[in-house]
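Colleague: Sharing start35.txt here; it has compact mmCIF, C-alpha atoms.
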```txt
# COMPACT_ATOMS: atom_id res chain seq x y z
CA MET N 16 206.61 -161.48 -236.58
CA THR N 17 205.97 -162.10 -232.89
CA LEU N 18 207.93 -160.90 -229.87
CA PRO N 19 206.36 -162.74 -226.91
CA ALA N 20 208.55 -161.02 -224.29
CA LEU N 21 206.12 -158.12 -224.24
CA THR N 22 203.42 -160.36 -222.80
CA LEU N 23 205.40 -160.40 -219.53
CA VAL N 24 206.24 -156.72 -219.24
CA LEU N 25 203.13 -155.14 -217.71
CA PRO N 26 202.12 -155.88 -214.12
CA LEU N 27 198.54 -156.52 -213.11
CA ALA N 28 196.09 -153.68 -212.44
CA ILE N 29 197.57 -151.12 -214.82
CA SER N 30 194.24 -149.36 -215.28
CA PHE N 31 192.32 -146.19 -214.58
CA TYR N 32 191.99 -147.42 -211.00
CA THR N 33 195.80 -147.42 -210.72
CA PHE N 34 196.05 -143.94 -212.24
CA HIS N 35 193.73 -142.60 -209.54
CA CYS N 36 195.74 -144.27 -206.78
CA LEU N 37 199.07 -143.03 -208.14
CA SER N 38 197.96 -139.43 -208.67
CA TYR N 39 196.54 -139.29 -205.14
CA THR N 40 199.74 -140.72 -203.62
CA LEU N 41 202.09 -138.56 -205.69
CA ASP N 42 200.14 -135.37 -205.01
CA ILE N 43 200.41 -136.02 -201.27
CA TYR N 44 204.11 -136.82 -201.61
CA ARG N 45 204.66 -133.56 -203.50
CA ARG N 46 202.69 -131.69 -200.81
CA GLU N 47 200.20 -130.56 -203.41
CA LEU N 48 197.31 -132.29 -201.68
CA LYS N 49 196.25 -133.12 -198.15
CA SER N 50 195.11 -136.68 -197.52
CA ALA N 51 191.39 -137.43 -197.32
CA ARG N 52 189.81 -136.88 -193.93
CA SER N 53 188.39 -140.39 -193.74
CA LEU N 54 188.60 -143.80 -195.37
CA SER N 55 185.06 -143.42 -196.66
CA ASP N 56 185.96 -140.16 -198.47
CA PHE N 57 189.00 -141.80 -200.07
CA SER N 58 187.01 -144.92 -200.98
CA LEU N 59 184.30 -142.88 -202.67
CA TYR N 60 186.93 -140.92 -204.62
CA LEU N 61 188.50 -144.16 -205.80
CA LEU N 62 185.39 -146.25 -206.39
CA LEU N 63 182.83 -143.70 -207.61
CA PHE N 64 181.23 -145.85 -210.29
CA PRO N 65 180.89 -143.46 -213.29
CA HIS N 66 184.66 -143.09 -213.74
CA GLN N 67 185.99 -146.30 -212.21
CA ILE N 68 186.23 -148.63 -215.23
CA ALA N 69 187.27 -146.39 -218.12
CA GLY N 70 187.84 -142.92 -216.76
CA PRO N 71 188.02 -140.04 -217.09
CA ILE N 72 190.93 -139.78 -214.66
CA VAL N 73 189.62 -137.39 -212.02
CA ARG N 74 192.23 -135.81 -209.76
CA ALA N 75 191.71 -136.11 -206.03
CA SER N 76 192.17 -132.34 -205.74
CA LYS N 77 189.06 -131.90 -207.92
CA LEU N 78 186.86 -134.71 -206.64
CA ILE N 79 187.49 -135.02 -202.88
CA PRO N 80 186.30 -131.44 -202.17
CA GLN N 81 183.07 -132.32 -204.01
CA ILE N 82 182.73 -135.38 -201.77
CA THR N 83 183.33 -133.56 -198.49
CA GLU N 84 181.22 -130.48 -199.26
CA PRO N 85 177.41 -130.57 -199.46
CA ARG N 86 176.20 -131.18 -203.01
CA LYS N 87 173.21 -129.64 -204.70
CA VAL N 88 171.90 -130.94 -208.00
CA THR N 89 170.50 -127.99 -209.95
CA ALA N 90 168.19 -127.84 -212.95
CA GLU N 91 171.22 -126.96 -215.06
CA ASP N 92 172.96 -130.12 -213.81
CA TRP N 93 169.98 -132.19 -214.91
CA GLN N 94 169.88 -130.53 -218.33
CA SER N 95 173.61 -130.99 -218.89
CA GLY N 96 173.61 -134.50 -217.44
CA LEU N 97 170.76 -135.71 -219.62
CA PHE N 98 172.30 -134.19 -222.74
CA LEU N 99 175.66 -135.84 -222.03
CA ILE N 100 174.04 -139.25 -221.45
CA PHE N 101 171.87 -139.13 -224.58
CA TRP N 102 174.70 -137.71 -226.69
CA GLY N 103 177.10 -140.37 -225.39
CA LEU N 104 174.62 -143.15 -226.19
CA PHE N 105 174.16 -141.73 -229.70
CA LYS N 106 177.91 -141.71 -230.32
CA LYS N 107 178.34 -145.23 -228.95
CA MET N 108 175.35 -147.00 -230.50
CA VAL N 109 174.89 -145.08 -233.75
CA VAL N 110 178.42 -144.08 -234.70
CA ALA N 111 180.86 -146.47 -233.01
CA ASP N 112 178.86 -149.70 -233.15
CA ASN N 113 177.85 -149.22 -236.79
CA LEU N 114 181.42 -148.46 -237.86
CA ALA N 115 183.00 -151.31 -235.87
CA PRO N 116 182.13 -154.12 -238.36
CA LYS N 117 183.56 -152.08 -241.24
CA ALA N 118 186.91 -151.79 -239.48
CA ASP N 119 186.89 -155.32 -238.04
CA ARG N 120 186.34 -156.93 -241.45
CA VAL N 121 189.54 -155.48 -242.93
CA PHE N 122 191.69 -155.76 -239.82
CA ALA N 123 190.85 -159.48 -239.71
CA LEU N 124 192.79 -159.86 -242.99
CA ALA N 125 196.53 -160.40 -243.34
CA GLU N 126 196.65 -158.20 -246.45
CA ALA N 127 194.33 -155.65 -248.01
CA SER N 128 194.28 -153.15 -250.85
CA ALA N 129 195.09 -149.49 -250.28
CA GLY N 130 191.42 -148.55 -250.65
CA GLU N 131 190.30 -151.18 -248.16
CA VAL N 132 192.93 -150.03 -245.66
CA MET N 133 191.91 -146.40 -246.03
CA VAL N 134 188.19 -147.11 -245.55
CA ALA N 135 188.90 -149.37 -242.53
CA VAL N 136 191.23 -146.87 -240.86
CA VAL N 137 188.72 -144.03 -241.29
CA ALA N 138 186.03 -146.29 -239.81
CA PHE N 139 188.21 -147.16 -236.82
CA CYS N 140 189.29 -143.53 -236.41
CA PHE N 141 185.71 -142.43 -235.78
CA GLN N 142 184.76 -145.67 -234.04
CA ILE N 143 187.33 -145.31 -231.27
CA TYR N 144 186.58 -141.62 -230.85
CA ALA N 145 182.79 -142.05 -230.73
CA ASP N 146 183.11 -145.11 -228.49
CA PHE N 147 185.46 -143.63 -225.92
CA SER N 148 184.14 -140.08 -225.91
CA GLY N 149 180.63 -141.55 -225.79
CA TYR N 150 181.52 -143.52 -222.66
CA THR N 151 183.11 -140.42 -221.12
CA ASP N 152 180.03 -138.33 -221.84
CA ILE N 153 177.80 -140.95 -220.22
CA ALA N 154 180.12 -141.05 -217.19
CA ARG N 155 180.20 -137.25 -216.93
CA GLY N 156 176.43 -137.03 -217.38
CA THR N 157 175.73 -139.69 -214.76
CA ALA N 158 178.08 -137.96 -212.33
CA ARG N 159 176.35 -134.64 -213.03
CA LEU N 160 173.00 -136.13 -212.04
CA LEU N 161 174.60 -137.13 -208.74
CA GLY N 162 176.00 -133.65 -208.17
CA PHE N 163 179.61 -134.38 -209.23
CA HIS N 164 181.40 -132.42 -211.94
CA PHE N 165 184.06 -134.21 -214.02
CA ASP N 166 186.35 -132.20 -216.28
CA LEU N 167 186.00 -132.34 -220.07
CA ASN N 168 187.92 -135.33 -221.46
CA PHE N 169 187.53 -134.78 -225.22
CA LYS N 170 187.52 -131.40 -226.91
CA PHE N 171 186.81 -132.15 -230.56
CA PRO N 172 190.23 -133.78 -231.20
CA TYR N 173 189.87 -134.26 -234.96
CA TRP N 174 189.67 -130.49 -235.35
CA ALA N 175 193.27 -130.25 -234.05
CA THR N 176 195.88 -128.46 -236.17
CA ASP N 177 199.09 -130.00 -234.80
CA PRO N 178 200.26 -132.90 -232.56
CA GLN N 179 200.39 -130.78 -229.42
CA ASP N 180 196.88 -129.46 -230.10
CA PHE N 181 195.66 -133.04 -230.63
CA TRP N 182 196.87 -134.13 -227.19
CA ARG N 183 195.25 -131.08 -225.64
CA ARG N 184 191.97 -132.37 -227.06
CA TRP N 185 192.23 -136.19 -227.02
CA HIS N 186 191.73 -138.06 -223.72
CA ILE N 187 192.67 -134.88 -221.86
CA SER N 188 192.76 -136.49 -218.42
CA LEU N 189 195.29 -139.12 -219.59
CA SER N 190 197.49 -136.66 -221.50
CA GLN N 191 197.58 -134.33 -218.47
CA TRP N 192 198.35 -137.28 -216.19
CA LEU N 193 201.25 -138.36 -218.43
CA ARG N 194 202.49 -134.77 -218.57
CA ASP N 195 202.35 -134.13 -214.83
CA TYR N 196 203.54 -137.48 -213.49
CA LEU N 197 205.83 -138.79 -216.26
CA TYR N 198 207.07 -135.98 -218.50
CA VAL N 199 207.65 -133.49 -215.66
CA SER N 200 209.17 -136.18 -213.44
CA LEU N 201 211.61 -137.12 -216.23
CA GLY N 202 212.74 -133.50 -216.39
CA GLY N 203 210.28 -132.04 -218.89
CA ASN N 204 211.94 -129.34 -220.99
CA ARG N 205 214.43 -128.32 -218.32
CA GLY N 206 217.45 -130.22 -219.66
CA GLY N 207 217.87 -128.73 -223.10
CA ARG N 208 216.62 -129.68 -226.56
CA TRP N 209 217.70 -133.33 -226.73
CA ALA N 210 216.66 -134.09 -223.16
CA THR N 211 213.22 -132.64 -223.97
CA TYR N 212 212.93 -134.85 -227.06
CA ARG N 213 213.99 -137.88 -225.01
CA ASN N 214 211.42 -137.11 -222.33
CA LEU N 215 208.67 -136.66 -224.91
CA MET N 216 209.52 -139.98 -226.56
CA LEU N 217 209.70 -141.88 -223.27
CA THR N 218 206.42 -140.40 -222.06
CA MET N 219 204.54 -141.32 -225.23
CA ILE N 220 206.09 -144.81 -225.49
CA ILE N 221 205.09 -145.56 -221.89
CA GLY N 222 201.64 -144.13 -222.62
CA GLY N 223 201.36 -146.43 -225.62
CA LEU N 224 202.55 -149.44 -223.63
CA TRP N 225 199.90 -148.75 -220.99
CA HIS N 226 197.26 -149.68 -223.58
CA GLY N 227 198.58 -153.22 -223.80
CA ALA N 228 201.65 -155.47 -223.92
CA ALA N 229 201.96 -155.45 -227.70
CA TRP N 230 204.47 -153.91 -230.08
CA ASN N 231 201.83 -152.04 -232.07
CA PHE N 232 201.01 -149.98 -228.96
CA VAL N 233 204.71 -149.22 -228.49
CA LEU N 234 204.89 -148.14 -232.14
CA TRP N 235 201.78 -145.99 -231.71
CA GLY N 236 203.29 -144.25 -228.68
CA ALA N 237 206.67 -143.79 -230.39
CA TYR N 238 204.94 -142.46 -233.51
CA HIS N 239 203.07 -139.79 -231.53
CA GLY N 240 206.23 -139.00 -229.57
CA LEU N 241 208.08 -138.44 -232.86
CA LEU N 242 205.27 -136.19 -234.13
CA LEU N 243 205.49 -134.11 -230.96
CA CYS N 244 209.28 -133.81 -231.28
CA LEU N 245 209.11 -132.81 -234.95
CA HIS N 246 206.39 -130.27 -234.25
CA ARG N 247 208.39 -128.78 -231.39
CA PHE N 248 211.46 -128.50 -233.64
CA TYR N 249 209.37 -126.91 -236.41
CA GLN N 250 207.83 -124.36 -234.05
CA LYS N 251 211.08 -123.30 -232.40
CA HIS N 252 213.51 -123.41 -235.31
CA ILE N 253 211.52 -122.94 -238.52
CA GLN N 254 208.13 -121.32 -237.94
CA SER N 255 209.48 -118.71 -235.52
CA ALA N 256 212.29 -117.80 -237.94
CA TYR N 257 209.96 -116.93 -240.83
CA PRO N 258 207.14 -114.44 -240.16
CA VAL N 259 205.38 -115.56 -243.36
CA LEU N 260 204.82 -118.99 -241.78
CA GLU N 261 203.41 -117.38 -238.64
CA ASN N 262 200.94 -115.41 -240.77
CA TRP N 263 200.08 -118.51 -242.80
CA HIS N 264 199.18 -120.50 -239.72
CA ARG N 265 196.95 -117.69 -238.48
CA SER N 266 195.01 -117.52 -241.75
CA LEU N 267 191.79 -119.47 -242.31
CA LEU N 268 193.33 -121.38 -245.22
CA GLY N 269 196.45 -122.20 -243.24
CA HIS N 270 194.32 -123.39 -240.33
CA GLY N 271 192.31 -125.66 -242.62
CA VAL N 272 195.40 -127.12 -244.29
CA ALA N 273 197.07 -127.76 -240.93
CA MET N 274 193.92 -129.50 -239.68
CA ALA N 275 193.78 -131.74 -242.76
CA ILE N 276 197.47 -132.67 -242.47
CA MET N 277 197.10 -133.48 -238.77
CA PHE N 278 194.07 -135.64 -239.51
CA VAL N 279 196.09 -137.68 -242.02
CA PHE N 280 198.86 -138.19 -239.45
CA THR N 281 196.24 -139.20 -236.89
CA LEU N 282 194.76 -141.75 -239.30
CA TYR N 283 198.09 -143.53 -239.69
CA GLY N 284 198.50 -143.55 -235.93
CA TRP N 285 195.18 -145.39 -235.64
CA LEU N 286 196.40 -147.96 -238.16
CA LEU N 287 199.30 -148.70 -235.81
CA PHE N 288 196.96 -148.81 -232.80
CA ARG N 289 194.36 -151.13 -234.37
CA ALA N 290 196.74 -153.52 -236.15
CA THR N 291 196.76 -157.05 -234.78
CA SER N 292 200.45 -157.73 -235.48
CA LEU N 293 203.64 -156.16 -236.79
CA ASP N 294 203.21 -158.17 -239.99
CA GLN N 295 199.86 -156.48 -240.52
CA VAL N 296 201.40 -153.05 -239.85
CA VAL N 297 204.00 -153.72 -242.56
CA ALA N 298 201.48 -155.15 -245.04
CA PHE N 299 198.90 -152.38 -244.58
CA THR N 300 201.54 -149.64 -244.67
CA SER N 301 202.95 -151.07 -247.89
CA SER N 302 199.46 -151.12 -249.41
CA PHE N 303 198.78 -147.59 -248.23
CA LEU N 304 202.01 -146.26 -249.74
CA GLY N 305 201.68 -148.20 -252.99
CA ILE N 306 200.15 -146.95 -256.22
CA ASP N 307 197.91 -149.99 -256.71
CA GLY N 308 194.59 -150.59 -255.06
CA TRP N 309 193.41 -146.97 -255.07
CA ALA N 310 190.16 -147.67 -256.93
CA ALA N 311 188.08 -144.50 -256.68
CA MET N 312 184.56 -145.96 -256.70
CA PRO N 313 185.05 -148.61 -253.95
CA ILE N 314 186.72 -145.98 -251.76
CA PHE N 315 183.91 -143.52 -252.43
CA ARG N 316 181.23 -146.14 -251.69
CA GLY N 317 183.02 -147.23 -248.52
CA LEU N 318 183.38 -143.69 -247.19
CA ALA N 319 179.85 -142.77 -248.27
CA SER N 320 178.40 -145.70 -246.32
CA GLN N 321 180.19 -144.41 -243.22
CA SER N 322 179.19 -140.79 -243.67
CA ILE N 323 175.58 -141.42 -242.63
CA TYR N 324 176.92 -142.05 -239.11
CA ILE N 325 179.94 -139.73 -239.05
CA LEU N 326 178.52 -136.51 -240.55
CA PRO N 327 175.70 -136.00 -238.00
CA MET N 328 178.24 -136.27 -235.19
CA LEU N 329 180.61 -133.83 -236.89
CA GLY N 330 177.70 -131.49 -237.60
CA MET N 331 176.79 -131.43 -233.91
CA GLU N 332 180.43 -130.83 -233.01
CA PHE N 333 180.65 -127.93 -235.47
CA TRP N 334 177.53 -126.44 -233.92
CA MET N 335 179.06 -126.73 -230.45
CA LEU N 336 182.32 -125.21 -231.70
CA ARG N 337 180.44 -122.25 -233.16
CA ARG N 338 178.61 -121.78 -229.85
CA GLN N 339 181.95 -122.21 -228.02
CA GLN N 340 180.39 -124.89 -225.86
CA SER N 341 181.21 -128.52 -225.14
CA GLU N 342 177.55 -129.26 -224.29
CA LEU N 343 174.33 -128.29 -226.02
CA VAL N 344 172.12 -126.83 -223.31
CA PHE N 345 169.52 -124.20 -224.16
CA GLN N 346 167.71 -121.64 -222.09
CA SER N 347 164.37 -123.07 -223.14
CA SER N 348 163.26 -126.34 -221.54
CA TRP N 349 161.24 -127.02 -224.71
CA ALA N 350 164.38 -126.79 -226.84
CA ASN N 351 166.25 -129.11 -224.47
CA GLY N 352 163.36 -131.57 -224.49
CA LEU N 353 163.26 -131.57 -228.30
CA LEU N 354 166.99 -132.19 -228.46
CA TYR N 355 166.72 -135.11 -226.02
CA PHE N 356 163.85 -136.57 -228.06
CA LEU N 357 165.79 -136.31 -231.34
CA LEU N 358 168.88 -137.97 -229.84
CA VAL N 359 166.85 -140.81 -228.32
CA ALA N 360 164.85 -141.31 -231.52
CA ALA N 361 167.98 -141.34 -233.69
CA THR N 362 169.67 -143.80 -231.33
CA THR N 363 166.62 -146.06 -231.31
CA ILE N 364 166.24 -146.05 -235.10
CA LEU N 365 169.87 -146.06 -236.23
CA GLY N 366 171.62 -147.71 -233.29
CA ALA N 367 173.37 -151.06 -233.64
CA TYR N 368 172.09 -153.47 -231.03
CA GLY N 369 174.67 -156.04 -230.03
CA SER N 370 177.09 -157.02 -227.32
CA ASP N 371 179.94 -154.66 -228.28
CA GLN N 372 181.52 -153.40 -225.08
CA PHE N 373 183.26 -150.05 -224.78
CA ILE N 374 186.75 -150.20 -226.29
CA TYR N 375 188.47 -148.71 -223.26
CA PHE N 376 187.08 -151.39 -220.97
CA ASN N 377 190.13 -153.31 -222.26
CA PHE N 378 192.66 -150.83 -220.87
```
If you took the structure in this file and wrote it as structure tokens, what would it be?

Modeller:
Amino acid sequence: MTLPALTLVLPLAISFYTFHCLSYTLDIYRRELKSARSLSDFSLYLLLFPHQIAGPIVRASKLIPQITEPRKVTAEDWQSGLFLIFWGLFKKMVVADNLAPKADRVFALAEASAGEVMVAVVAFCFQIYADFSGYTDIARGTARLLGFHFDLNFKFPYWATDPQDFWRRWHISLSQWLRDYLYVSLGGNRGGRWATYRNLMLTMIIGGLWHGAAWNFVLWGAYHGLLLCLHRFYQKHIQSAYPVLENWHRSLLGHGVAMAIMFVFTLYGWLLFRATSLDQVVAFTSSFLGIDGWAAMPIFRGLASQSIYILPMLGMEFWMLRRQQSELVFQSSWANGLLYFLLVAATTILGAYGSDQFIYFNF
């Protein structure tokens, strides 16, 4: 099932570079930003190498003042920068690159059993997260060593409890860009319920289409738009009407259940994103919803073989969540040095050495 018209839809240069240009231009047009004082300041904002190829999308209002004002790289900057670089390399080389073959093997097939689809989607789920957040951490860490501070781009997204929470945690700079320059420009929530739903759907479909001229990206965007609409309806018309639901969502058990449900929804979204064709989407969805192919032992072995890479990353994230930090930086230089050593050693021993580029270099 091929629809070749989509190969002609997107213009050239739809990339992070374009996002930076558009946000700068639109902010000046809206009188929310004054233009850069010189061409060199603007050029450095646009071409600063850590964020140029795959983000994060840094607003001119945040970066240009750092360019024009004197910068001072502190010991804390070095500690944070080194942690982010080593942690990003660990996520890329140990987690993402070891999981990639497990996902690629199944997504190269036209059909697969339910168990194979599940194992492959879980592998890709953590592959794309570790790959992209790993790149972002390296970019943020490199910028920190140069005296620049980029905002957090991933805030433990698989710990999200609902679709809105997910997009507050996943690729934060893109979701905020889509919100401020697409959703708000379309009218946001100012035109009533149905206009809000329309604006949410359009924003997410366009966001999906930005990833590539393929129908699976349109489906992925529409799917997340639908989740956002349904969640908004649930919050405003069901949850708010029944205090027992409010109390349930505040409880520890309710929080855990909501997180598990959102993770399942996220998994199916990644199936849509990773699929190579609409035929594969249909075939894999049919397998996933069927009662055959759910052999317990192959699924257990497949997930267990992935856990050696996934669980250390989740353990570190849980530690950071408990410390209410997005970076592990200690007061003791010895503790920081030990952490750097462990990350480098683990990456050296467990890392996959190949030519796999970062996933978001494609977008």

Colleague: Tell me which protein, DNA and RNA residues are within 7 Å of His270 (chain N), counting only C-alpha atoms, leaving out same-chain ones fewer than 5 positions away, and put them as a PyMOL selection string.

Modeller: chain N and resi 176+264-265

Colleague: Where's the centre, and what are the edge lengths in Å to one decimal, of a box along x, y and z enclosing all listed atoms of region 35-53 of chain N padded 8 Å per side, as JSON?

Modeller:
```
{"center_x": 196.5, "center_y": -137.4, "center_z": -201.6, "size_x": 32.3, "size_y": 29.7, "size_z": 31.8}
```

Colleague: Between N:Leu217, N:Leu37, N:Leu124, N:Cys244, which is the closest to Ile72 (chain N) once you count only C-alpha atoms?

Modeller: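 The answer is N:Leu37, which sits nearest to Ile72 (chain N).
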
Colleague: Just how far from CA of Val272 (chain N) is CA of Pro258 (chain N), in Å to one decimal?

Modeller: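 Atom-to-atom, CA of Pro258 (chain N) to CA of Val272 (chain N), that is 17.8 Å.
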
Colleague: Give the answer as one residue: which of N:Ser55, N:Ser255, N:Ser30, N:Gln250 has the shortest atom-to-atom distance to Gln67 (chain N), using only C-alpha atoms?

Modeller: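 Distance minimum relative to Gln67 (chain N) lands on N:Ser30.
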
Colleague: In Å to one decimal, how far is CA of Asp119 (chain N) from CA of Arg183 (chain N)?

Modeller: 28.5 Å

Colleague: Write out as JSON, numbers by chain each polymer residue whose atoms come within 12 Å of region 317-320 of chain N, counting all atoms listed in the file; drop sequence neighbours fewer than 5 positions from it.

Modeller: {"N": [110, 113, 114, 117, 118, 121, 130, 131, 132, 133, 134, 135, 136, 137, 138, 139, 141, 310, 311, 312, 325, 326]}

Colleague: Between N:Phe105, N:Trp235, N:Phe248, N:Trp230, which has the minimum distance to Ile364 (chain N) (counting all atoms listed in the file)?

Modeller: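 Checking each of N:Phe105, N:Trp235, N:Phe248, N:Trp230 against Ile364 (chain N), counting all atoms listed in the file, the winner is N:Phe105.
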
Colleague: Residues within 8 Å of Gly284 (chain N), please, as a list in words. Count all atoms listed in the file; anything in the same chain fewer than 2 positions from it doesn't count.

Modeller: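 Contacts, with the query itself left out: Trp235, Tyr238, His239, Phe280, Thr281, Leu282, Leu286, Leu287 and Phe288 of chain N.
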
Colleague: Considering only C-alpha atoms, can you say which of N:Val233, N:Leu304, N:Thr291, N:Arg316 comes closest to Ala123 (chain N)?

Modeller: N:Thr291

Colleague: Ranking N:Asn214, N:Asn231, N:Gln179, N:Ser95 by minimum distance to Arg155 (chain N) and counting all atoms listed in the file, which one comes first?

Modeller: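 So, comparing all the options, the nearest one is N:Ser95.
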